[in-house]
$ cat protein.cif   # mmCIF, C-alpha atoms
data_protein
loop_
_atom_site.label_atom_id
_atom_site.label_comp_id
_atom_site.auth_asym_id
_atom_site.auth_seq_id
_atom_site.Cartn_x
_atom_site.Cartn_y
_atom_site.Cartn_z
CA MET X 1 96.17 112.25 75.20
CA ASP X 2 95.61 109.93 78.14
CA ILE X 3 92.20 109.16 79.60
CA ASN X 4 93.10 108.38 83.20
CA CYS X 5 90.32 106.48 84.96
CA LEU X 6 90.43 106.38 88.76
CA LEU X 7 88.95 103.14 90.08
CA PHE X 8 88.13 102.09 93.63
CA ASP X 9 86.36 99.13 95.21
CA ASP X 10 82.57 99.19 94.79
CA PHE X 11 82.63 101.70 91.95
CA GLU X 12 79.51 101.48 89.76
CA THR X 13 80.52 99.55 86.65
CA MET X 14 78.74 101.45 83.88
CA ASP X 15 79.58 104.84 85.46
CA LEU X 16 83.05 104.10 84.17
CA PHE X 17 82.55 101.88 81.15
CA GLY X 18 79.94 104.07 79.46
CA PRO X 19 82.46 106.94 79.14
CA VAL X 20 85.25 104.45 78.32
CA GLU X 21 83.14 103.17 75.42
CA VAL X 22 82.77 106.69 74.04
CA PHE X 23 86.39 107.76 74.53
CA GLY X 24 87.60 104.47 73.08
CA LYS X 25 86.32 105.65 69.70
CA ILE X 26 88.69 108.65 69.70
CA GLU X 27 92.00 107.53 68.17
CA GLU X 28 93.77 110.49 69.82
CA TYR X 29 92.95 109.11 73.28
CA GLN X 30 94.42 106.13 75.07
CA ILE X 31 92.60 104.74 78.06
CA LYS X 32 94.40 103.83 81.29
CA TYR X 33 93.09 102.48 84.59
CA PHE X 34 94.45 103.59 87.98
CA SER X 35 93.78 103.16 91.68
CA ILE X 36 95.36 104.50 94.85
CA GLU X 37 97.45 101.37 95.39
CA GLY X 38 97.69 100.08 91.82
CA LYS X 39 96.08 96.77 92.75
CA VAL X 40 93.08 94.77 91.52
CA VAL X 41 89.88 96.76 92.03
CA THR X 42 86.49 95.08 92.32
CA SER X 43 83.47 96.95 90.96
CA ARG X 44 80.06 96.89 92.62
CA GLN X 45 79.06 94.36 89.96
CA ASN X 46 81.97 91.99 90.76
CA ALA X 47 84.28 92.89 87.86
CA ARG X 48 87.90 92.57 89.04
CA ILE X 49 90.10 94.97 87.11
CA LEU X 50 93.88 95.42 87.03
CA THR X 51 95.06 98.98 87.64
CA GLU X 52 98.24 101.04 87.74
CA ASN X 53 99.29 103.15 90.72
CA ILE X 54 97.84 106.68 90.78
CA ASN X 55 101.37 108.02 91.25
CA ASP X 56 102.06 107.00 87.64
CA MET X 57 99.21 109.06 86.23
CA THR X 58 100.33 111.51 83.54
CA SER X 59 99.78 115.27 83.82
CA ASN X 60 97.79 117.34 81.32
CA SER X 61 95.41 114.45 80.74
CA ILE X 62 91.71 113.75 81.10
CA MET X 63 90.76 112.25 84.44
CA VAL X 64 87.55 110.20 84.78
CA ILE X 65 86.05 109.45 88.20
CA PRO X 66 83.06 107.10 88.50
CA GLY X 67 80.62 107.03 91.40
CA GLY X 68 79.02 104.15 93.21
CA LYS X 69 78.63 102.72 96.68
CA GLY X 70 82.37 102.95 97.30
CA THR X 71 82.16 106.75 97.44
CA ARG X 72 80.15 106.59 100.69
CA ASP X 73 83.24 105.58 102.67
CA LEU X 74 85.81 107.33 100.50
CA VAL X 75 84.52 110.84 101.26
CA ASN X 76 85.78 110.16 104.81
CA ASN X 77 89.15 108.78 103.71
CA SER X 78 91.42 111.82 103.81
CA GLY X 79 94.36 109.96 102.24
CA PHE X 80 92.25 108.99 99.24
CA ILE X 81 90.76 112.46 98.90
CA GLN X 82 94.20 114.10 98.96
CA LYS X 83 95.55 111.76 96.25
CA LEU X 84 92.45 112.34 94.11
CA LYS X 85 92.91 116.09 94.59
CA ASP X 86 96.57 116.02 93.53
CA ALA X 87 95.71 113.96 90.44
CA ALA X 88 92.75 116.16 89.47
CA GLU X 89 94.80 119.35 89.87
CA LYS X 90 97.45 118.17 87.43
CA SER X 91 94.82 117.04 84.88
CA SER X 92 93.70 119.28 82.04
CA TRP X 93 90.12 118.06 82.34
CA CYS X 94 88.33 116.21 85.09
CA LEU X 95 85.06 114.34 84.57
CA SER X 96 82.96 112.65 87.24
CA ILE X 97 79.92 110.44 86.89
CA CYS X 98 77.07 109.97 89.35
CA THR X 99 78.26 110.23 92.99
CA GLY X 100 81.83 110.75 91.76
CA SER X 101 81.07 114.45 92.17
CA ALA X 102 80.85 113.92 95.96
CA LEU X 103 84.56 113.05 95.85
CA LEU X 104 85.41 116.19 93.86
CA ALA X 105 83.29 118.23 96.26
CA LYS X 106 84.91 116.74 99.36
CA ALA X 107 88.35 117.59 97.92
CA GLY X 108 87.21 121.21 97.57
CA LEU X 109 87.95 121.10 93.84
CA ILE X 110 84.55 122.37 92.71
CA ASP X 111 83.81 125.02 95.35
CA GLY X 112 82.00 127.90 93.69
CA LEU X 113 81.48 125.88 90.51
CA GLU X 114 78.30 124.42 89.00
CA ALA X 115 78.04 120.65 89.34
CA THR X 116 75.45 117.89 89.37
CA SER X 117 75.07 114.27 90.48
CA ASN X 118 72.82 111.23 90.68
CA LYS X 119 69.19 112.15 91.41
CA ILE X 120 68.55 109.47 94.05
CA ALA X 121 71.71 110.32 96.03
CA PHE X 122 71.54 114.07 95.46
CA GLU X 123 70.91 115.16 99.04
CA TRP X 124 73.80 113.06 100.35
CA VAL X 125 76.13 114.37 97.65
CA ARG X 126 75.16 117.95 98.49
CA THR X 127 76.31 117.50 102.10
CA ASN X 128 79.83 116.87 100.83
CA GLY X 129 80.21 120.30 99.22
CA LYS X 130 78.39 123.17 100.86
CA HIS X 131 80.12 125.73 98.63
CA VAL X 132 79.38 123.96 95.35
CA LYS X 133 76.66 125.44 93.10
CA TRP X 134 74.67 122.20 92.85
CA VAL X 135 72.36 122.00 89.84
CA TYR X 136 69.61 119.45 90.44
CA LYS X 137 68.05 119.49 86.98
CA ALA X 138 70.94 118.70 84.62
CA ARG X 139 71.90 115.66 82.59
CA TRP X 140 75.41 116.97 83.07
CA ALA X 141 77.09 120.24 84.13
CA THR X 142 80.30 121.89 82.97
CA ASP X 143 82.28 124.58 84.73
CA GLY X 144 85.90 125.34 83.88
CA LYS X 145 87.76 122.09 83.50
CA TYR X 146 85.19 120.10 85.48
CA TYR X 147 82.40 118.04 83.93
CA THR X 148 79.99 116.29 86.31
CA SER X 149 77.16 114.02 85.23
CA SER X 150 73.94 112.79 86.70
CA GLY X 151 73.39 109.07 87.42
CA VAL X 152 75.10 106.16 85.63
CA SER X 153 73.86 106.40 82.01
CA ALA X 154 74.16 110.19 82.06
CA GLY X 155 77.92 109.62 81.95
CA ILE X 156 77.53 108.44 78.35
CA ASP X 157 75.68 111.64 77.42
CA MET X 158 78.29 113.78 79.19
CA SER X 159 81.15 112.01 77.45
CA LEU X 160 79.55 112.59 74.07
CA GLY X 161 79.08 116.22 75.15
CA PHE X 162 82.76 116.41 76.05
CA VAL X 163 83.68 115.02 72.62
CA ALA X 164 81.37 117.58 70.99
CA ASP X 165 83.04 120.41 72.94
CA ARG X 166 86.54 119.27 71.90
CA PHE X 167 85.98 117.91 68.37
CA GLY X 168 82.59 119.25 67.25
CA GLU X 169 79.09 117.82 67.42
CA LYS X 170 79.44 115.79 64.22
CA ARG X 171 82.12 113.60 65.77
CA ALA X 172 79.98 112.99 68.86
CA GLN X 173 77.00 112.07 66.69
CA ASP X 174 79.17 109.69 64.65
CA ILE X 175 80.30 107.90 67.82
CA ALA X 176 76.71 107.71 69.12
CA LYS X 177 75.73 106.05 65.83
CA MET X 178 78.68 103.66 66.00
CA ILE X 179 77.61 102.46 69.45
CA GLU X 180 73.91 102.64 68.49
CA TYR X 181 73.20 105.03 71.34
CA GLN X 182 70.39 107.61 71.31
CA TRP X 183 72.33 110.57 72.65
CA ASN X 184 70.52 113.00 74.95
CA CYS X 185 72.58 115.88 73.63
CA ASP X 186 70.93 118.68 75.66
CA LYS X 187 72.61 118.80 79.06
CA HIS X 188 69.67 120.79 80.48
CA ASP X 189 67.13 118.15 79.50
CA ASP X 190 66.99 115.84 82.53
CA ILE X 191 63.85 113.70 82.62
CA PHE X 192 64.98 112.04 85.85
CA ALA X 193 64.86 115.31 87.82
CA LEU X 194 61.41 115.29 89.41
CA MET Y 1 70.95 82.38 89.63
CA ASP Y 2 74.35 82.98 88.03
CA ILE Y 3 74.95 85.47 85.25
CA ASN Y 4 77.91 83.89 83.47
CA CYS Y 5 79.72 86.39 81.25
CA LEU Y 6 82.06 84.97 78.62
CA LEU Y 7 84.97 87.35 77.99
CA PHE Y 8 87.68 87.22 75.31
CA ASP Y 9 90.43 89.59 74.22
CA ASP Y 10 89.19 92.61 72.25
CA PHE Y 11 85.62 92.27 73.42
CA GLU Y 12 83.71 95.58 73.23
CA THR Y 13 83.61 96.96 76.76
CA MET Y 14 80.06 98.31 77.02
CA ASP Y 15 78.61 95.31 75.15
CA LEU Y 16 79.29 93.50 78.39
CA PHE Y 17 79.07 96.17 81.08
CA GLY Y 18 75.74 97.62 79.95
CA PRO Y 19 73.97 94.29 80.61
CA VAL Y 20 76.09 93.76 83.76
CA GLU Y 21 74.84 97.11 85.09
CA VAL Y 22 71.23 96.03 84.56
CA PHE Y 23 71.60 92.51 85.96
CA GLY Y 24 73.58 93.84 88.92
CA LYS Y 25 70.34 95.42 90.17
CA ILE Y 26 68.62 92.03 90.49
CA GLU Y 27 69.40 90.65 93.94
CA GLU Y 28 68.53 87.13 92.73
CA TYR Y 29 71.45 87.21 90.25
CA GLN Y 30 75.15 87.00 90.93
CA ILE Y 31 77.53 88.05 88.21
CA LYS Y 32 80.60 85.99 87.26
CA TYR Y 33 83.25 86.50 84.62
CA PHE Y 34 84.75 83.66 82.58
CA SER Y 35 87.11 83.05 79.67
CA ILE Y 36 88.34 79.98 77.84
CA GLU Y 37 91.58 79.82 79.83
CA GLY Y 38 90.52 81.63 83.00
CA LYS Y 39 93.21 84.26 82.58
CA VAL Y 40 93.28 88.07 82.42
CA VAL Y 41 91.25 89.29 79.44
CA THR Y 42 91.87 92.67 77.83
CA SER Y 43 88.88 94.49 76.35
CA ARG Y 44 89.06 96.53 73.15
CA GLN Y 45 89.19 99.61 75.41
CA ASN Y 46 92.19 98.34 77.41
CA ALA Y 47 90.37 97.15 80.53
CA ARG Y 48 92.21 94.11 81.94
CA ILE Y 49 89.76 91.85 83.76
CA LEU Y 50 90.32 88.75 85.88
CA THR Y 51 88.25 85.74 84.85
CA GLU Y 52 87.51 82.18 85.91
CA ASN Y 53 87.91 79.16 83.62
CA ILE Y 54 84.86 78.40 81.44
CA ASN Y 55 85.00 74.79 82.71
CA ASP Y 56 83.83 76.12 86.08
CA MET Y 57 80.69 77.73 84.66
CA THR Y 58 77.50 76.56 86.37
CA SER Y 59 74.65 74.90 84.47
CA ASN Y 60 71.08 76.24 84.34
CA SER Y 61 72.37 79.80 84.40
CA ILE Y 62 72.20 82.88 82.21
CA MET Y 63 75.10 83.21 79.78
CA VAL Y 64 76.07 86.62 78.40
CA ILE Y 65 78.30 86.93 75.32
CA PRO Y 66 79.54 90.34 74.19
CA GLY Y 67 80.70 91.20 70.68
CA GLY Y 68 83.59 93.28 69.48
CA LYS Y 69 86.63 93.09 67.25
CA GLY Y 70 87.76 89.87 68.95
CA THR Y 71 84.88 87.98 67.35
CA ARG Y 72 86.43 88.40 63.88
CA ASP Y 73 89.14 85.85 64.65
CA LEU Y 74 87.15 83.75 67.09
CA VAL Y 75 84.58 82.60 64.52
CA ASN Y 76 87.51 80.71 62.95
CA ASN Y 77 88.75 79.25 66.24
CA SER Y 78 87.03 75.87 66.41
CA GLY Y 79 88.27 75.18 69.94
CA PHE Y 80 86.72 78.40 71.22
CA ILE Y 81 83.47 77.82 69.32
CA GLN Y 82 83.12 74.29 70.71
CA LYS Y 83 83.63 75.48 74.31
CA LEU Y 84 81.16 78.33 73.81
CA LYS Y 85 78.67 75.82 72.36
CA ASP Y 86 79.02 73.44 75.32
CA ALA Y 87 78.56 76.30 77.80
CA ALA Y 88 75.57 77.76 75.94
CA GLU Y 89 73.87 74.38 75.70
CA LYS Y 90 73.99 73.84 79.45
CA SER Y 91 72.69 77.38 80.14
CA SER Y 92 69.01 78.10 80.72
CA TRP Y 93 69.24 81.36 78.81
CA CYS Y 94 71.84 82.73 76.46
CA LEU Y 95 72.16 86.42 75.58
CA SER Y 96 74.51 87.94 73.02
CA ILE Y 97 75.24 91.57 72.27
CA CYS Y 98 76.35 93.11 68.99
CA THR Y 99 78.60 90.74 66.97
CA GLY Y 100 78.37 88.19 69.79
CA SER Y 101 75.57 86.65 67.70
CA ALA Y 102 78.16 85.73 65.04
CA LEU Y 103 79.69 83.38 67.63
CA LEU Y 104 76.31 81.80 68.43
CA ALA Y 105 75.64 81.47 64.70
CA LYS Y 106 79.02 79.88 63.98
CA ALA Y 107 78.37 77.34 66.73
CA GLY Y 108 75.10 76.40 65.01
CA LEU Y 109 73.18 77.26 68.16
CA ILE Y 110 70.68 79.60 66.49
CA ASP Y 111 70.04 77.80 63.20
CA GLY Y 112 66.39 78.29 62.27
CA LEU Y 113 65.93 80.91 65.00
CA GLU Y 114 65.37 84.66 64.72
CA ALA Y 115 68.40 86.74 65.70
CA THR Y 116 69.89 90.17 65.14
CA SER Y 117 73.22 91.97 65.43
CA ASN Y 118 75.12 95.23 65.07
CA LYS Y 119 73.95 97.24 62.07
CA ILE Y 120 77.40 98.19 60.76
CA ALA Y 121 78.72 94.61 60.89
CA PHE Y 122 75.46 92.97 59.85
CA GLU Y 123 76.58 91.57 56.49
CA TRP Y 124 79.68 89.98 58.03
CA VAL Y 125 77.65 88.49 60.87
CA ARG Y 126 75.16 87.05 58.39
CA THR Y 127 77.94 85.08 56.63
CA ASN Y 128 78.54 83.18 59.87
CA GLY Y 129 75.06 81.68 60.00
CA LYS Y 130 73.36 80.96 56.69
CA HIS Y 131 70.50 79.08 58.39
CA VAL Y 132 69.74 81.77 60.97
CA LYS Y 133 66.60 83.90 60.44
CA TRP Y 134 68.44 87.22 60.62
CA VAL Y 135 66.23 90.20 61.48
CA TYR Y 136 67.88 93.43 60.36
CA LYS Y 137 65.42 95.87 61.92
CA ALA Y 138 65.34 94.92 65.60
CA ARG Y 139 66.71 96.53 68.75
CA TRP Y 140 66.85 92.96 69.99
CA ALA Y 141 65.41 89.58 69.02
CA THR Y 142 64.25 86.66 71.16
CA ASP Y 143 63.70 83.07 70.08
CA GLY Y 144 63.52 80.21 72.55
CA LYS Y 145 66.26 80.62 75.12
CA TYR Y 146 68.31 82.94 72.90
CA TYR Y 147 68.27 86.73 73.12
CA THR Y 148 70.44 88.65 70.61
CA SER Y 149 70.83 92.41 70.54
CA SER Y 150 71.84 95.00 68.03
CA GLY Y 151 75.00 97.13 68.54
CA VAL Y 152 76.60 97.99 71.89
CA SER Y 153 73.95 100.13 73.67
CA ALA Y 154 71.15 97.88 72.44
CA GLY Y 155 72.45 95.35 74.94
CA ILE Y 156 71.13 97.57 77.74
CA ASP Y 157 67.67 97.63 76.15
CA MET Y 158 67.71 93.88 75.63
CA SER Y 159 68.78 93.24 79.23
CA LEU Y 160 65.92 95.38 80.51
CA GLY Y 161 63.66 93.43 78.12
CA PHE Y 162 64.96 90.18 79.59
CA VAL Y 163 64.23 91.46 83.10
CA ALA Y 164 60.72 92.46 81.98
CA ASP Y 165 60.13 88.98 80.53
CA ARG Y 166 61.25 87.28 83.75
CA PHE Y 167 60.06 89.71 86.46
CA GLY Y 168 57.52 92.02 84.77
CA GLU Y 169 57.85 95.40 83.10
CA LYS Y 170 57.61 97.35 86.36
CA ARG Y 171 60.87 95.89 87.62
CA ALA Y 172 62.65 96.73 84.36
CA GLN Y 173 61.31 100.29 84.49
CA ASP Y 174 62.48 100.62 88.10
CA ILE Y 175 66.01 99.56 87.15
CA ALA Y 176 66.04 101.93 84.16
CA LYS Y 177 65.12 104.74 86.54
CA MET Y 178 67.79 103.69 89.04
CA ILE Y 179 70.49 103.90 86.37
CA GLU Y 180 68.86 107.01 84.79
CA TYR Y 181 68.53 105.25 81.46
CA GLN Y 182 65.85 106.05 78.88
CA TRP Y 183 64.85 102.51 77.99
CA ASN Y 184 63.88 101.78 74.38
CA CYS Y 185 61.39 99.15 75.51
CA ASP Y 186 60.05 98.20 72.05
CA LYS Y 187 62.40 95.61 70.55
CA HIS Y 188 60.98 96.29 67.07
CA ASP Y 189 61.79 100.01 67.22
CA ASP Y 190 65.32 100.25 65.82
CA ILE Y 191 66.23 103.74 64.66
CA PHE Y 192 69.70 102.56 63.61
CA ALA Y 193 68.31 100.22 60.94
CA LEU Y 194 68.45 102.27 57.75
#

$ encode --input "protein.cif" --output "structure tokens"
Amino acid sequence: MDINCLLFDDFETMDLFGPVEVFGKIEEYQIKYFSIEGKVVTSRQNARILTENINDMTSNSIMVIPGGKGTRDLVNNSGFIQKLKDAAEKSSWCLSICTGSALLAKAGLIDGLEATSNKIAFEWVRTNGKHVKWVYKARWATDGKYYTSSGVSAGIDMSLGFVADRFGEKRAQDIAKMIEYQWNCDKHDDIFAL
Amino acid sequence: MDINCLLFDDFETMDLFGPVEVFGKIEEYQIKYFSIEGKVVTSRQNARILTENINDMTSNSIMVIPGGKGTRDLVNNSGFIQKLKDAAEKSSWCLSICTGSALLAKAGLIDGLEATSNKIAFEWVRTNGKHVKWVYKARWATDGKYYTSSGVSAGIDMSLGFVADRFGEKRAQDIAKMIEYQWNCDKHDDIFAL
């Protein structure tokens, strides 16, 4: 199964590469990197990454959408939001990290669903989806095919949670051990929610 | 000050992008990506990243060396090891993550110094530096200008430790909060050392 990552300029680097690290340990998954135009994308932390065009994204896959400063402009880019919406709708699962959930919200994909986001940017994210059931205190939230995580590192916890939901908790724990990561496995336990 | 990351094919993605996430929050640092030939490098998790040539790396900077499967061949590539050695010697600080310490060891850069590495690959790493004071139980180790971390995620802890050593613990704690990361701030506390 394909893990289809959607990149854009000024995405937050570890939002994406935390989940990529986890999913890279699943032999059944292959990781691919896309953007709207299929060009080189530059992360907020200056990493320049080659991508394929979003039009070539496979259906029935797992879509991963990071957050980051780039989302602030993209919520107002209707062309981008429409392409993200089309890609998310044809995906079997759709995971966002940090302010990536603002993009899902703006596309109307998570109306009526529970979702979360970065704690520092939470109020801004909320303005992008008035019909979303925003959950402030959550390391990550799941509702239907949508998984949304809290800020940056929470994406690693969510990805391990996704693996646990698909393959069982043992496999998630094995991956956490492999990458020497202390997994916060309770999605309700969010120490950064004040 | 420049953060000079040395990439190579089959490097472990989060080995690099965990530290990059931390250092990206320090306005005084700018992050740059290098490789021996200055070409596109492909990580173990399929990320294709543009790099500059290692010959263009600045002196008196902070060098970051990830680990990963690629290190298994590179310890036997004398051309690579010599270039890494030259670059490390002209750096003010040199940080490795996971099996990246095998490369430092092979170059003879950490002979007589304390260093650590990934727990699963520890015995292999040890064979690459018989004169290194290997510390098995350590989230990260510091000795002189060299910082070496344990597996993958430990690189995040070490990077926050490096920030604490340079700018004080408060700044490291602030960054951990910004990226919603539960920092294991005690380098001697290594739950993955069995």

$ residues_around --input "protein.cif" --residues "Asn184 of chain Y" --least-positions-apart "6" --cutoff "9 Å" --atoms "only C-alpha atoms" --output "PyMOL selection string"
chain Y and resi 139+154+157-158+190

$ closest_atom_pairs --input "protein.cif" --of "chain Y" --to "chain X" --cutoff "10 Å" --atoms "all atoms listed in the file" --output "JSON lines"
{"residue": "Y:Glu12", "atom": "CA", "partner": "X:Glu21", "partner_atom": "CA", "distance": 7.9}
{"residue": "Y:Thr13", "atom": "CA", "partner": "X:Glu21", "partner_atom": "CA", "distance": 6.4}
{"residue": "Y:Met14", "atom": "CA", "partner": "X:Glu21", "partner_atom": "CA", "distance": 6.0}
{"residue": "Y:Asp15", "atom": "CA", "partner": "X:Glu21", "partner_atom": "CA", "distance": 9.1}
{"residue": "Y:Leu16", "atom": "CA", "partner": "X:Phe17", "partner_atom": "CA", "distance": 9.4}
{"residue": "Y:Phe17", "atom": "CA", "partner": "X:Met14", "partner_atom": "CA", "distance": 6.0}
{"residue": "Y:Gly18", "atom": "CA", "partner": "X:Met14", "partner_atom": "CA", "distance": 6.3}
{"residue": "Y:Pro19", "atom": "CA", "partner": "X:Met14", "partner_atom": "CA", "distance": 9.2}
{"residue": "Y:Val20", "atom": "CA", "partner": "X:Gln45", "partner_atom": "CA", "distance": 6.9}
{"residue": "Y:Glu21", "atom": "CA", "partner": "X:Met14", "partner_atom": "CA", "distance": 6.0}
{"residue": "Y:Val22", "atom": "CA", "partner": "X:Met14", "partner_atom": "CA", "distance": 9.3}
{"residue": "Y:Phe23", "atom": "CA", "partner": "X:Gln45", "partner_atom": "CA", "distance": 8.7}
{"residue": "Y:Gly24", "atom": "CA", "partner": "X:Gln45", "partner_atom": "CA", "distance": 5.6}
{"residue": "Y:Lys25", "atom": "CA", "partner": "X:Gln45", "partner_atom": "CA", "distance": 8.8}
{"residue": "Y:Gln30", "atom": "CA", "partner": "X:Gln45", "partner_atom": "CA", "distance": 8.4}
{"residue": "Y:Ile31", "atom": "CA", "partner": "X:Asn46", "partner_atom": "CA", "distance": 6.5}
{"residue": "Y:Lys32", "atom": "CA", "partner": "X:Asn46", "partner_atom": "CA", "distance": 7.1}
{"residue": "Y:Tyr33", "atom": "CA", "partner": "X:Ala47", "partner_atom": "CA", "distance": 7.2}
{"residue": "Y:Val40", "atom": "CA", "partner": "X:Leu50", "partner_atom": "CA", "distance": 8.7}
{"residue": "Y:Val41", "atom": "CA", "partner": "X:Ile49", "partner_atom": "CA", "distance": 9.6}
{"residue": "Y:Thr42", "atom": "CA", "partner": "X:Ile49", "partner_atom": "CA", "distance": 9.7}
{"residue": "Y:Arg44", "atom": "CA", "partner": "X:Gly24", "partner_atom": "CA", "distance": 8.1}
{"residue": "Y:Gln45", "atom": "CA", "partner": "X:Gly24", "partner_atom": "CA", "distance": 5.6}
{"residue": "Y:Asn46", "atom": "CA", "partner": "X:Ile31", "partner_atom": "CA", "distance": 6.4}
{"residue": "Y:Ala47", "atom": "CA", "partner": "X:Ile49", "partner_atom": "CA", "distance": 6.9}
{"residue": "Y:Arg48", "atom": "CA", "partner": "X:Leu50", "partner_atom": "CA", "distance": 5.5}
{"residue": "Y:Ile49", "atom": "CA", "partner": "X:Ile49", "partner_atom": "CA", "distance": 4.6}
{"residue": "Y:Leu50", "atom": "CA", "partner": "X:Arg48", "partner_atom": "CA", "distance": 5.5}
{"residue": "Y:Thr51", "atom": "CA", "partner": "X:Arg48", "partner_atom": "CA", "distance": 8.0}
{"residue": "Y:Cys98", "atom": "CA", "partner": "X:Ile179", "partner_atom": "CA", "distance": 9.4}
{"residue": "Y:Asn118", "atom": "CA", "partner": "X:Glu180", "partner_atom": "CA", "distance": 8.3}
{"residue": "Y:Lys119", "atom": "CA", "partner": "X:Glu180", "partner_atom": "CA", "distance": 8.4}
{"residue": "Y:Ile120", "atom": "CA", "partner": "X:Met178", "partner_atom": "CA", "distance": 7.7}
{"residue": "Y:Arg139", "atom": "CA", "partner": "X:Glu180", "partner_atom": "CA", "distance": 9.4}
{"residue": "Y:Ser150", "atom": "CA", "partner": "X:Glu180", "partner_atom": "CA", "distance": 7.9}
{"residue": "Y:Gly151", "atom": "CA", "partner": "X:Glu180", "partner_atom": "CA", "distance": 5.6}
{"residue": "Y:Val152", "atom": "CA", "partner": "X:Ile179", "partner_atom": "CA", "distance": 5.2}
{"residue": "Y:Ser153", "atom": "CA", "partner": "X:Tyr181", "partner_atom": "CA", "distance": 5.5}
{"residue": "Y:Ala154", "atom": "CA", "partner": "X:Glu180", "partner_atom": "CA", "distance": 6.8}
{"residue": "Y:Gly155", "atom": "CA", "partner": "X:Glu180", "partner_atom": "CA", "distance": 9.8}
{"residue": "Y:Ala176", "atom": "CA", "partner": "X:Ser153", "partner_atom": "CA", "distance": 9.3}
{"residue": "Y:Lys177", "atom": "CA", "partner": "X:Phe192", "partner_atom": "CA", "distance": 7.3}
{"residue": "Y:Met178", "atom": "CA", "partner": "X:Ile120", "partner_atom": "CA", "distance": 7.7}
{"residue": "Y:Ile179", "atom": "CA", "partner": "X:Val152", "partner_atom": "CA", "distance": 5.2}
{"residue": "Y:Glu180", "atom": "CA", "partner": "X:Gly151", "partner_atom": "CA", "distance": 5.6}
{"residue": "Y:Tyr181", "atom": "CA", "partner": "X:Ser153", "partner_atom": "CA", "distance": 5.5}
{"residue": "Y:Gln182", "atom": "CA", "partner": "X:Ser153", "partner_atom": "CA", "distance": 8.6}
{"residue": "Y:Asn184", "atom": "CA", "partner": "X:Gln182", "partner_atom": "CA", "distance": 9.3}
{"residue": "Y:Asp190", "atom": "CA", "partner": "X:Glu180", "partner_atom": "CA", "distance": 9.3}
{"residue": "Y:Ile191", "atom": "CA", "partner": "X:Glu180", "partner_atom": "CA", "distance": 8.7}
{"residue": "Y:Phe192", "atom": "CA", "partner": "X:Glu180", "partner_atom": "CA", "distance": 6.4}
{"residue": "Y:Ala193", "atom": "CA", "partner": "X:Glu180", "partner_atom": "CA", "distance": 9.7}

$ atom_distance --input "protein.cif" --atom1 "atom CA of Glu28 of chain Y" --atom2 "atom CA of Leu103 of chain Y"
27.7 Å

$ closest_residue --input "protein.cif" --among "Y:Thr142, Y:Thr58, Y:Ala115, Y:Ile97" --to "Phe11 of chain Y" --atoms "all atoms listed in the file"
Y:Ile97

$ resolve_selection --input "protein.cif" --expression "the PyMOL selection byres ((chain Y and resi 83) around 12)" --output "VMD selection string"
chain Y and resid 6 34 to 37 53 to 57 74 77 to 82 84 to 90 103 to 104 107
